[in-house]
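As provided, model_21.txt (compact mmCIF, C-alpha atoms and all ligand atoms) reads as follows.
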# COMPACT_ATOMS: atom_id res chain seq x y z
CA MET C 5 78.45 105.35 104.30
CA ASN C 6 77.21 104.81 100.74
CA ILE C 7 80.34 104.47 98.63
CA LEU C 8 80.63 104.21 94.86
CA LEU C 9 83.64 102.38 93.43
CA THR C 10 84.91 102.43 89.88
CA GLY C 11 87.27 99.52 89.16
CA GLY C 12 85.55 97.64 92.01
CA SER C 13 85.88 94.39 90.07
CA GLY C 14 89.69 94.58 89.88
CA LEU C 15 92.51 93.30 92.08
CA ILE C 16 92.48 96.18 94.55
CA GLY C 17 88.76 96.95 94.17
CA SER C 18 87.47 93.48 94.97
CA ALA C 19 89.59 93.24 98.15
CA LEU C 20 88.57 96.77 99.14
CA VAL C 21 84.86 96.08 98.60
CA LYS C 22 85.04 93.16 101.07
CA LYS C 23 86.79 95.27 103.69
CA LEU C 24 84.38 98.21 103.31
CA ILE C 25 81.38 95.90 103.73
CA ASP C 26 83.00 94.29 106.82
CA ASN C 27 83.31 97.81 108.24
CA GLY C 28 79.58 98.43 107.76
CA HIS C 29 79.62 100.54 104.58
CA GLN C 30 77.30 100.06 101.59
CA VAL C 31 79.03 99.79 98.23
CA ARG C 32 77.92 100.32 94.64
CA ILE C 33 80.18 99.34 91.76
CA LEU C 34 80.46 100.86 88.31
CA THR C 35 81.59 98.26 85.79
CA ARG C 36 81.67 98.19 81.99
CA GLU C 37 80.05 94.81 81.48
CA LYS C 38 80.79 92.33 84.22
CA GLU C 39 78.22 91.19 86.73
CA VAL C 40 79.82 91.54 90.13
CA GLN C 41 78.45 90.20 93.42
CA HIS C 42 77.52 93.55 94.95
CA PRO C 43 75.03 96.14 93.70
CA PHE C 44 76.47 97.12 90.37
CA TYR C 45 75.63 99.53 87.57
CA ASN C 46 76.97 99.52 84.06
CA TRP C 47 78.61 102.58 82.59
CA ASN C 48 80.31 103.62 79.44
CA ILE C 49 82.26 106.61 78.33
CA ASP C 50 79.24 108.95 78.31
CA LYS C 51 76.50 107.47 80.48
CA ILE C 52 75.84 106.50 84.11
CA ASP C 53 72.50 105.55 85.69
CA GLU C 54 71.49 108.56 87.86
CA LYS C 55 70.35 106.19 90.65
CA VAL C 56 74.05 105.61 91.39
CA PHE C 57 74.28 109.09 92.90
CA GLU C 58 71.28 108.87 95.30
CA ASN C 59 72.36 109.49 98.92
CA LEU C 60 75.95 109.00 97.89
CA ASP C 61 78.62 109.86 100.50
CA GLY C 62 81.81 109.25 98.58
CA ILE C 63 83.55 107.89 95.49
CA ILE C 64 86.64 105.68 95.19
CA HIS C 65 88.04 105.86 91.66
CA LEU C 66 90.16 102.81 90.76
CA ALA C 67 89.22 102.30 87.10
CA GLY C 68 92.09 102.24 84.67
CA ALA C 69 93.29 100.18 81.71
CA SER C 70 96.32 98.03 82.60
CA ILE C 71 99.72 99.66 82.00
CA SER C 72 101.31 96.27 81.32
CA LYS C 73 100.12 95.94 77.72
CA ARG C 74 102.24 97.23 74.86
CA TRP C 75 102.15 101.06 74.72
CA THR C 76 101.00 101.69 71.17
CA LYS C 77 99.78 105.20 70.38
CA SER C 78 96.12 104.18 70.67
CA TYR C 79 96.68 102.12 73.84
CA LYS C 80 98.44 105.09 75.48
CA LYS C 81 95.23 107.05 74.86
CA GLU C 82 93.22 104.29 76.51
CA ILE C 83 95.51 104.33 79.57
CA LEU C 84 94.83 108.06 79.93
CA ASN C 85 91.13 108.16 79.02
CA SER C 86 90.15 105.21 81.21
CA ARG C 87 91.38 107.22 84.22
CA VAL C 88 90.73 110.84 83.31
CA ASP C 89 87.62 110.79 81.08
CA THR C 90 85.92 108.51 83.61
CA ALA C 91 86.68 110.95 86.45
CA ASN C 92 85.41 113.81 84.28
CA LEU C 93 82.20 111.89 83.57
CA LEU C 94 81.65 111.37 87.32
CA TYR C 95 82.29 115.10 87.82
CA LYS C 96 79.58 116.00 85.28
CA TYR C 97 77.02 113.86 87.11
CA VAL C 98 78.00 115.17 90.56
CA GLU C 99 77.76 118.73 89.25
CA LYS C 100 74.25 118.02 87.92
CA LEU C 101 72.82 115.82 90.69
CA LYS C 102 74.63 117.45 93.63
CA PRO C 103 74.99 114.53 96.08
CA LYS C 104 76.69 115.76 99.27
CA LEU C 105 80.04 114.11 98.64
CA LYS C 106 82.31 113.86 101.66
CA PHE C 107 85.27 112.44 99.72
CA PHE C 108 86.69 111.51 96.34
CA ILE C 109 89.57 109.04 96.67
CA SER C 110 91.59 108.13 93.60
CA ALA C 111 94.32 105.67 92.76
CA SER C 112 97.52 107.17 91.42
CA GLY C 113 100.99 105.73 90.87
CA THR C 114 104.49 106.17 92.26
CA SER C 115 105.32 106.58 88.54
CA TYR C 116 104.32 110.19 89.29
CA TYR C 117 108.01 110.71 90.18
CA GLY C 118 109.31 108.85 87.10
CA GLN C 119 111.41 105.68 87.05
CA ILE C 120 114.69 107.06 88.37
CA THR C 121 117.40 104.81 89.79
CA SER C 122 119.32 107.03 92.22
CA ASP C 123 119.78 107.46 95.96
CA LYS C 124 117.12 110.18 96.07
CA ILE C 125 114.11 109.27 98.20
CA PHE C 126 110.94 110.75 96.72
CA THR C 127 108.38 112.45 98.97
CA GLU C 128 105.03 114.01 98.10
CA ASN C 129 106.74 117.43 97.86
CA ASP C 130 108.75 116.32 94.83
CA ALA C 131 107.74 117.48 91.37
CA PRO C 132 106.26 115.03 88.87
CA HIS C 133 108.44 113.57 86.13
CA ASN C 134 107.70 114.51 82.53
CA ASP C 135 107.68 111.00 81.02
CA PHE C 136 104.55 109.18 79.82
CA LEU C 137 103.46 107.66 83.15
CA GLY C 138 104.43 110.80 85.08
CA SER C 139 102.09 112.85 82.90
CA ILE C 140 99.34 110.22 83.24
CA CYS C 141 99.56 110.54 87.04
CA VAL C 142 99.45 114.35 86.88
CA ASN C 143 96.32 114.33 84.69
CA TRP C 144 94.74 111.58 86.83
CA GLU C 145 95.29 113.54 90.05
CA ASN C 146 94.16 116.83 88.49
CA ALA C 147 90.92 115.11 87.46
CA ALA C 148 90.48 113.97 91.08
CA TYR C 149 91.22 117.39 92.60
CA GLN C 150 88.36 118.90 90.58
CA PHE C 151 86.03 117.35 93.18
CA GLN C 152 87.23 119.97 95.67
CA ASP C 153 84.76 122.22 93.77
CA PHE C 154 82.03 120.34 95.69
CA ASP C 155 83.86 120.69 99.05
CA ALA C 156 84.74 117.00 98.95
CA ARG C 157 87.95 115.85 100.59
CA VAL C 158 90.25 114.56 97.84
CA VAL C 159 92.85 111.85 98.45
CA CYS C 160 95.22 110.39 95.83
CA LEU C 161 97.19 107.27 96.76
CA ARG C 162 100.42 107.12 94.73
CA THR C 163 100.74 103.36 94.68
CA SER C 164 103.80 101.21 93.98
CA LEU C 165 103.68 97.61 92.71
CA VAL C 166 100.93 95.79 94.62
CA LEU C 167 101.98 92.36 95.89
CA ALA C 168 99.03 89.97 96.08
CA LYS C 169 98.71 86.20 95.70
CA GLN C 170 96.47 86.61 92.66
CA GLY C 171 98.21 89.75 91.33
CA GLU C 172 99.77 89.60 87.87
CA GLY C 173 102.86 91.58 88.96
CA PHE C 174 103.72 89.18 91.75
CA LYS C 175 103.10 86.14 89.54
CA LEU C 176 105.49 87.55 86.91
CA LEU C 177 108.21 88.08 89.51
CA LYS C 178 107.68 84.68 91.11
CA LYS C 179 107.23 82.35 88.13
CA PRO C 180 110.76 82.36 86.61
CA ILE C 181 112.33 81.97 90.06
CA GLN C 182 109.98 79.10 90.86
CA MET C 183 111.05 77.47 87.58
CA GLY C 184 114.72 77.89 88.52
CA VAL C 185 115.43 80.39 85.73
CA GLY C 186 115.05 83.68 87.62
CA ALA C 187 117.35 86.49 86.46
CA ASN C 188 117.85 90.17 87.24
CA LEU C 189 116.66 92.57 84.58
CA GLY C 190 119.30 95.05 83.39
CA ASP C 191 121.90 95.82 86.08
CA GLY C 192 119.47 94.83 88.86
CA LYS C 193 120.23 98.05 90.78
CA GLN C 194 116.84 99.62 90.04
CA TRP C 195 114.68 100.21 93.13
CA LEU C 196 111.57 98.06 93.30
CA PRO C 197 108.99 99.87 95.43
CA TRP C 198 106.11 97.59 96.48
CA ILE C 199 103.17 97.38 98.87
CA HIS C 200 101.22 94.37 100.17
CA LEU C 201 97.58 94.37 99.01
CA ASP C 202 96.27 94.20 102.61
CA ASP C 203 98.22 97.34 103.56
CA LEU C 204 96.94 99.21 100.51
CA VAL C 205 93.34 98.19 101.19
CA GLN C 206 93.68 99.36 104.81
CA MET C 207 95.08 102.67 103.53
CA TYR C 208 91.96 103.18 101.36
CA VAL C 209 89.72 102.32 104.33
CA ASP C 210 91.62 104.82 106.50
CA ALA C 211 91.24 107.42 103.74
CA VAL C 212 87.47 106.83 103.84
CA GLU C 213 87.11 106.88 107.62
CA ASN C 214 89.78 109.33 108.77
CA SER C 215 88.92 112.83 107.60
CA THR C 216 92.36 114.20 108.48
CA ILE C 217 93.72 112.25 105.48
CA ASN C 218 93.58 114.81 102.72
CA GLY C 219 95.76 115.24 99.61
CA SER C 220 98.31 113.01 97.87
CA TYR C 221 100.15 110.25 99.73
CA ASN C 222 102.78 107.69 98.78
CA ALA C 223 101.42 104.16 99.17
CA SER C 224 104.60 102.07 99.28
CA SER C 225 106.25 99.95 101.96
CA PRO C 226 108.91 101.62 104.13
CA GLU C 227 111.55 99.00 103.22
CA MET C 228 113.37 100.18 100.09
CA ILE C 229 115.07 97.38 98.20
CA ASN C 230 116.45 97.01 94.72
CA HIS C 231 115.54 94.42 92.09
CA THR C 232 118.52 92.15 92.94
CA THR C 233 117.77 92.07 96.67
CA PHE C 234 114.07 91.48 95.95
CA ASN C 235 114.90 88.48 93.74
CA HIS C 236 117.35 87.01 96.25
CA ILE C 237 114.87 87.24 99.13
CA LEU C 238 112.13 85.73 96.94
CA ALA C 239 114.41 82.88 95.73
CA LYS C 240 115.44 82.10 99.32
CA LYS C 241 111.80 81.96 100.45
CA LEU C 242 110.98 79.67 97.52
CA ASN C 243 114.02 77.50 98.29
CA LYS C 244 115.27 78.00 94.75
CA PRO C 245 118.78 78.76 93.50
CA PHE C 246 119.34 82.12 91.81
CA PHE C 247 122.30 81.91 89.47
CA MET C 248 121.27 82.97 85.94
CA PRO C 249 123.14 85.91 84.33
CA ASN C 250 121.34 89.27 84.19
CA ILE C 251 119.12 89.90 81.15
CA PRO C 252 120.80 92.85 79.38
CA SER C 253 118.86 96.13 79.19
CA PHE C 254 119.04 96.28 75.38
CA MET C 255 117.17 92.97 75.11
CA MET C 256 114.42 94.25 77.39
CA ARG C 257 114.21 97.44 75.29
CA LEU C 258 113.96 95.39 72.12
CA VAL C 259 111.08 93.35 73.53
CA LEU C 260 109.19 96.00 75.52
CA GLY C 261 110.10 99.28 73.82
CA GLU C 262 109.41 102.44 75.89
CA MET C 263 107.66 100.29 78.51
CA SER C 264 111.00 98.67 79.44
CA ASP C 265 111.73 101.64 81.77
CA LEU C 266 109.04 100.21 84.04
CA VAL C 267 111.23 97.20 84.83
CA LEU C 268 114.75 98.54 84.14
CA LYS C 269 114.52 101.64 86.33
CA GLY C 270 112.90 102.40 89.65
CA SER C 271 112.75 105.09 92.34
CA ARG C 272 112.92 105.07 96.14
CA ILE C 273 109.60 106.12 97.65
CA ASP C 274 109.03 107.48 101.17
CA PRO C 275 105.73 106.61 102.93
CA ALA C 276 106.42 108.84 105.98
CA LYS C 277 103.51 111.22 105.22
CA ILE C 278 100.81 108.53 105.56
CA GLU C 279 102.61 107.09 108.62
CA LYS C 280 102.36 110.54 110.24
CA GLU C 281 98.56 110.20 109.86
CA GLY C 282 98.80 107.12 112.11
CA PHE C 283 98.95 104.47 109.39
CA ARG C 284 100.94 101.38 110.44
CA PHE C 285 102.15 98.88 107.84
CA LYS C 286 101.25 95.27 108.64
CA TYR C 287 103.87 94.18 106.09
CA PRO C 288 106.74 96.70 106.33
CA THR C 289 109.37 94.26 105.00
CA LEU C 290 109.44 91.87 102.05
CA GLU C 291 110.27 88.98 104.41
CA LYS C 292 106.98 89.56 106.26
CA ALA C 293 104.98 90.06 103.07
CA LEU C 294 106.32 86.87 101.47
CA LYS C 295 105.55 84.86 104.57
CA GLU C 296 101.89 85.66 103.94
CA LEU C 297 101.99 85.55 100.12
CA LEU C 298 103.75 82.21 99.65
N1 LIG H 301 98.03 96.76 90.91
C1 LIG H 301 99.08 97.58 90.99
O1 LIG H 301 100.24 97.13 91.15
C2 LIG H 301 98.87 99.09 90.90
C3 LIG H 301 99.94 99.93 91.16
C4 LIG H 301 99.78 101.31 91.05
C5 LIG H 301 98.54 101.83 90.70
N2 LIG H 301 97.51 100.99 90.45
C6 LIG H 301 96.22 101.56 90.01
O2 LIG H 301 95.16 101.18 90.87
C7 LIG H 301 93.96 101.01 90.10
C8 LIG H 301 93.40 99.64 90.37
O3 LIG H 301 94.40 98.68 90.10
P1 LIG H 301 94.12 97.11 90.00
O4 LIG H 301 95.42 96.43 90.13
O5 LIG H 301 92.99 96.73 90.89
O6 LIG H 301 93.67 97.03 88.49
P2 LIG H 301 92.83 95.89 87.70
O7 LIG H 301 92.75 94.64 88.49
O8 LIG H 301 93.39 95.86 86.33
O9 LIG H 301 91.37 96.56 87.67
C9 LIG H 301 91.17 97.77 86.99
C10 LIG H 301 89.72 98.06 86.88
O10 LIG H 301 89.55 99.13 85.97
C11 LIG H 301 88.48 98.89 85.10
N3 LIG H 301 88.95 99.14 83.73
C12 LIG H 301 89.92 98.47 83.05
N4 LIG H 301 90.07 98.99 81.82
C13 LIG H 301 89.17 100.01 81.73
C14 LIG H 301 88.81 100.93 80.70
N5 LIG H 301 89.43 100.89 79.49
N6 LIG H 301 87.84 101.83 80.95
C15 LIG H 301 87.20 101.88 82.15
N7 LIG H 301 87.48 101.02 83.16
C16 LIG H 301 88.46 100.13 82.96
C17 LIG H 301 88.03 97.43 85.24
O11 LIG H 301 86.67 97.43 85.65
P3 LIG H 301 85.50 96.72 84.80
O12 LIG H 301 86.13 95.68 83.92
O13 LIG H 301 84.61 96.13 85.85
O14 LIG H 301 84.84 97.82 84.06
C18 LIG H 301 88.91 96.88 86.36
O15 LIG H 301 88.16 96.37 87.42
C19 LIG H 301 94.34 101.19 88.63
O16 LIG H 301 93.97 102.47 88.22
C20 LIG H 301 95.85 101.03 88.63
O17 LIG H 301 96.51 101.77 87.62
C21 LIG H 301 97.63 99.62 90.54
Could I get this file's structure written as structure tokens?
Amino acid sequence: MNILLTGGSGLIGSALVKKLIDNGHQVRILTREKEVQHPFYNWNIDKIDEKVFENLDGIIHLAGASISKRWTKSYKKEILNSRVDTANLLYKYVEKLKPKLKFFISASGTSYYGQITSDKIFTENDAPHNDFLGSICVNWENAAYQFQDFDARVVCLRTSLVLAKQGEGFKLLKKPIQMGVGANLGDGKQWLPWIHLDDLVQMYVDAVENSTINGSYNASSPEMINHTTFNHILAKKLNKPFFMPNIPSFMMRLVLGEMSDLVLKGSRIDPAKIEKEGFRFKYPTLEKALKELL
């Protein structure tokens, strides 16, 4: 199939592009300025080359400004616009040029449910949370579901922290432990939902190729562990001691502001819905994932 990717130059996108090509698909990438290896087209907030939409079968929408930079008022806008305005721009072109889209697949986040440390296990039937990232996810998914107007199948993958060798998130978790100064953040009881990059990429490929996958799905490993357990397993695999006192929550709040909730709180996420579609995790446990990542 001819597949257009936004965010195809990023961590998830570049791994996904390789896998799609291996599976015999043709990819086109929309990028703001970078030259990427595969056919690419530049875009900006109001313009896309119409050639992008010729004989197009589907779109995978991964573009989005990082959520790990400080959330100033203007950067919060960028986090939203880079996901929603871009989807709206694609919608305008599809409405005008009418390619026969079979699917529109969008990234979303497990932050949809909020960062809530409790025993509750969140499923796709749960309501979104009304904090900043929860509302970003709602707007992001609503922008994706507009493509049902063109009878396209819409899939949103509510993704937890992606563990990848070259991923910033994993490097940040690993580095202090590797240096022997790893410490839990806050009380360390917050859940830390994660998914291995290879599993996520396979989930996107399944969403492309399996037309029974339709709607929103949690993309998070079935093993649910908290921050403390995660750190202890990681330290053991790295053969490093883990003895530093916890970093108090107030210090994290002082440094990170509102964003500190991202690391101080966390929810349990249930992937059963995607497993019912036949998806099998290659890395269901952190032990298995770290064996590959380290
Ligand atoms: N990685 C994770 O742990 C994780 C977890 C949950 C959800 N997600 C979501 O999955 C998607 C892909 O994640 P990723 O880790 O691959 O991200 P990434 O490596 O940061 O790549 C994001 C892509 O978005 C594009 N982009 C960045 N800022 C933009 C802006 N202001 N306007 C338009 N495009 C912009 C960039 O493309 P160009 O520079 O080529 O234009 C880049 O390739 C993101 O939407 C992210 O929020 C990721």
Centre, edges in Å (one decimal): axis-aligned box, ligand LIG 301 (chain H), 3 Å padding on all six sides, as AutoDock Vina command-line options:
--center_x 92.4 --center_y 98.6 --center_z 85.3 --size_x 21.6 --size_y 13.8 --size_z 17.7
Residues up to 8 Å from ligand LIG 301 (chain H), counting all atoms listed in the file: could you list those as an mmCIF file with C-alpha atoms, in the frame of the given file?
data_model
loop_
_atom_site.group_PDB
_atom_site.id
_atom_site.type_symbol
_atom_site.label_atom_id
_atom_site.label_comp_id
_atom_site.auth_asym_id
_atom_site.auth_seq_id
_atom_site.Cartn_x
_atom_site.Cartn_y
_atom_site.Cartn_z
ATOM 1 C CA THR C 10 84.910 102.430 89.880
ATOM 2 C CA GLY C 11 87.270 99.520 89.160
ATOM 3 C CA GLY C 12 85.550 97.640 92.010
ATOM 4 C CA SER C 13 85.880 94.390 90.070
ATOM 5 C CA GLY C 14 89.690 94.580 89.880
ATOM 6 C CA LEU C 15 92.510 93.300 92.080
ATOM 7 C CA ILE C 16 92.480 96.180 94.550
ATOM 8 C CA GLY C 17 88.760 96.950 94.170
ATOM 9 C CA SER C 18 87.470 93.480 94.970
ATOM 10 C CA LEU C 34 80.460 100.860 88.310
ATOM 11 C CA THR C 35 81.590 98.260 85.790
ATOM 12 C CA ARG C 36 81.670 98.190 81.990
ATOM 13 C CA GLU C 37 80.050 94.810 81.480
ATOM 14 C CA LYS C 38 80.790 92.330 84.220
ATOM 15 C CA VAL C 40 79.820 91.540 90.130
ATOM 16 C CA TRP C 47 78.610 102.580 82.590
ATOM 17 C CA ASN C 48 80.310 103.620 79.440
ATOM 18 C CA ILE C 49 82.260 106.610 78.330
ATOM 19 C CA HIS C 65 88.040 105.860 91.660
ATOM 20 C CA LEU C 66 90.160 102.810 90.760
ATOM 21 C CA ALA C 67 89.220 102.300 87.100
ATOM 22 C CA GLY C 68 92.090 102.240 84.670
ATOM 23 C CA ALA C 69 93.290 100.180 81.710
ATOM 24 C CA SER C 70 96.320 98.030 82.600
ATOM 25 C CA ILE C 71 99.720 99.660 82.000
ATOM 26 C CA GLU C 82 93.220 104.290 76.510
ATOM 27 C CA ILE C 83 95.510 104.330 79.570
ATOM 28 C CA ASN C 85 91.130 108.160 79.020
ATOM 29 C CA SER C 86 90.150 105.210 81.210
ATOM 30 C CA ARG C 87 91.380 107.220 84.220
ATOM 31 C CA THR C 90 85.920 108.510 83.610
ATOM 32 C CA ALA C 111 94.320 105.670 92.760
ATOM 33 C CA SER C 112 97.520 107.170 91.420
ATOM 34 C CA GLY C 113 100.990 105.730 90.870
ATOM 35 C CA THR C 114 104.490 106.170 92.260
ATOM 36 C CA ARG C 162 100.420 107.120 94.730
ATOM 37 C CA THR C 163 100.740 103.360 94.680
ATOM 38 C CA SER C 164 103.800 101.210 93.980
ATOM 39 C CA LEU C 165 103.680 97.610 92.710
ATOM 40 C CA VAL C 166 100.930 95.790 94.620
ATOM 41 C CA LEU C 167 101.980 92.360 95.890
ATOM 42 C CA GLY C 171 98.210 89.750 91.330
ATOM 43 C CA GLU C 172 99.770 89.600 87.870
ATOM 44 C CA GLY C 173 102.860 91.580 88.960
ATOM 45 C CA TRP C 198 106.110 97.590 96.480
#
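In this comparison, which uses all atoms listed in the file, the residue of C:Glu39, C:Asp191, C:Glu227, C:Asp135 approaching Ile251 (chain C) most closely is C:Asp191.
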Which residue gives the smallest distance to Ser225 (chain C) among C:Lys175, C:Lys280, C:Pro252, C:Phe285, with all atoms listed in the file counted?
C:Phe285
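For the pair CA of Ile199 (chain C) and CA of Pro132 (chain C), the interatomic distance is 20.5 Å.
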Name the residues in contact with Tyr149 (chain C) at a cut-off of 9 Å, using only C-alpha atoms, excluding same-chain residues fewer than 5 positions from it; report them as a ChimeraX atom specification.
/C:108,144,157-160,219
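Of the residues listed (C:Asp61, C:Asp153, C:Glu281, C:Glu213), C:Asp153 shows the shortest atom-to-atom separation from Glu99 (chain C); distances use all atoms listed in the file.
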Give me the residues within 10 Å of Lys23 (chain C) as a ChimeraX atom specification, counting all atoms listed in the file and dropping any in the same chain fewer than 5 places off.
/C:17-18,28-29,202,205-206,208-209
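The residue that comes closest to Ile217 (chain C), out of C:Gly138, C:Gly62, C:Pro288, C:Gly282 and on the basis of all atoms listed in the file, is C:Gly282.
Distances here use only C-alpha atoms; by that measure, the residue among C:Ala147, C:Ile52, C:Leu201, C:Leu290 closest to Leu84 (chain C) is C:Ala147.
Nearest residue to Ala211 (chain C), choosing from C:Val259, C:Leu294, C:Ile181, C:Ile109 and counting only C-alpha atoms: C:Ile109.
CA of Pro197 (chain C) sits 24.1 Å away from CA of Val212 (chain C).
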Could you tell me how far CA of Leu242 (chain C) lies from CA of Lys295 (chain C), in Å and to one decimal?
10.3 Å
Using only C-alpha atoms, give me every residue within 12 Å of (113.2, 99.0, 84.3) in file coordinates, as a ChimeraX atom specification.
/C:115,118-121,188-197,230-231,251-257,260-271
So that I can check the surroundings of Asp50 (chain C), please list as number ranges by chain every protein, DNA and RNA residue that reaches within 10 Å of it, counting only C-alpha atoms and ignoring chain neighbours fewer than 4 positions away.
C: 89-90, 92-94, 96
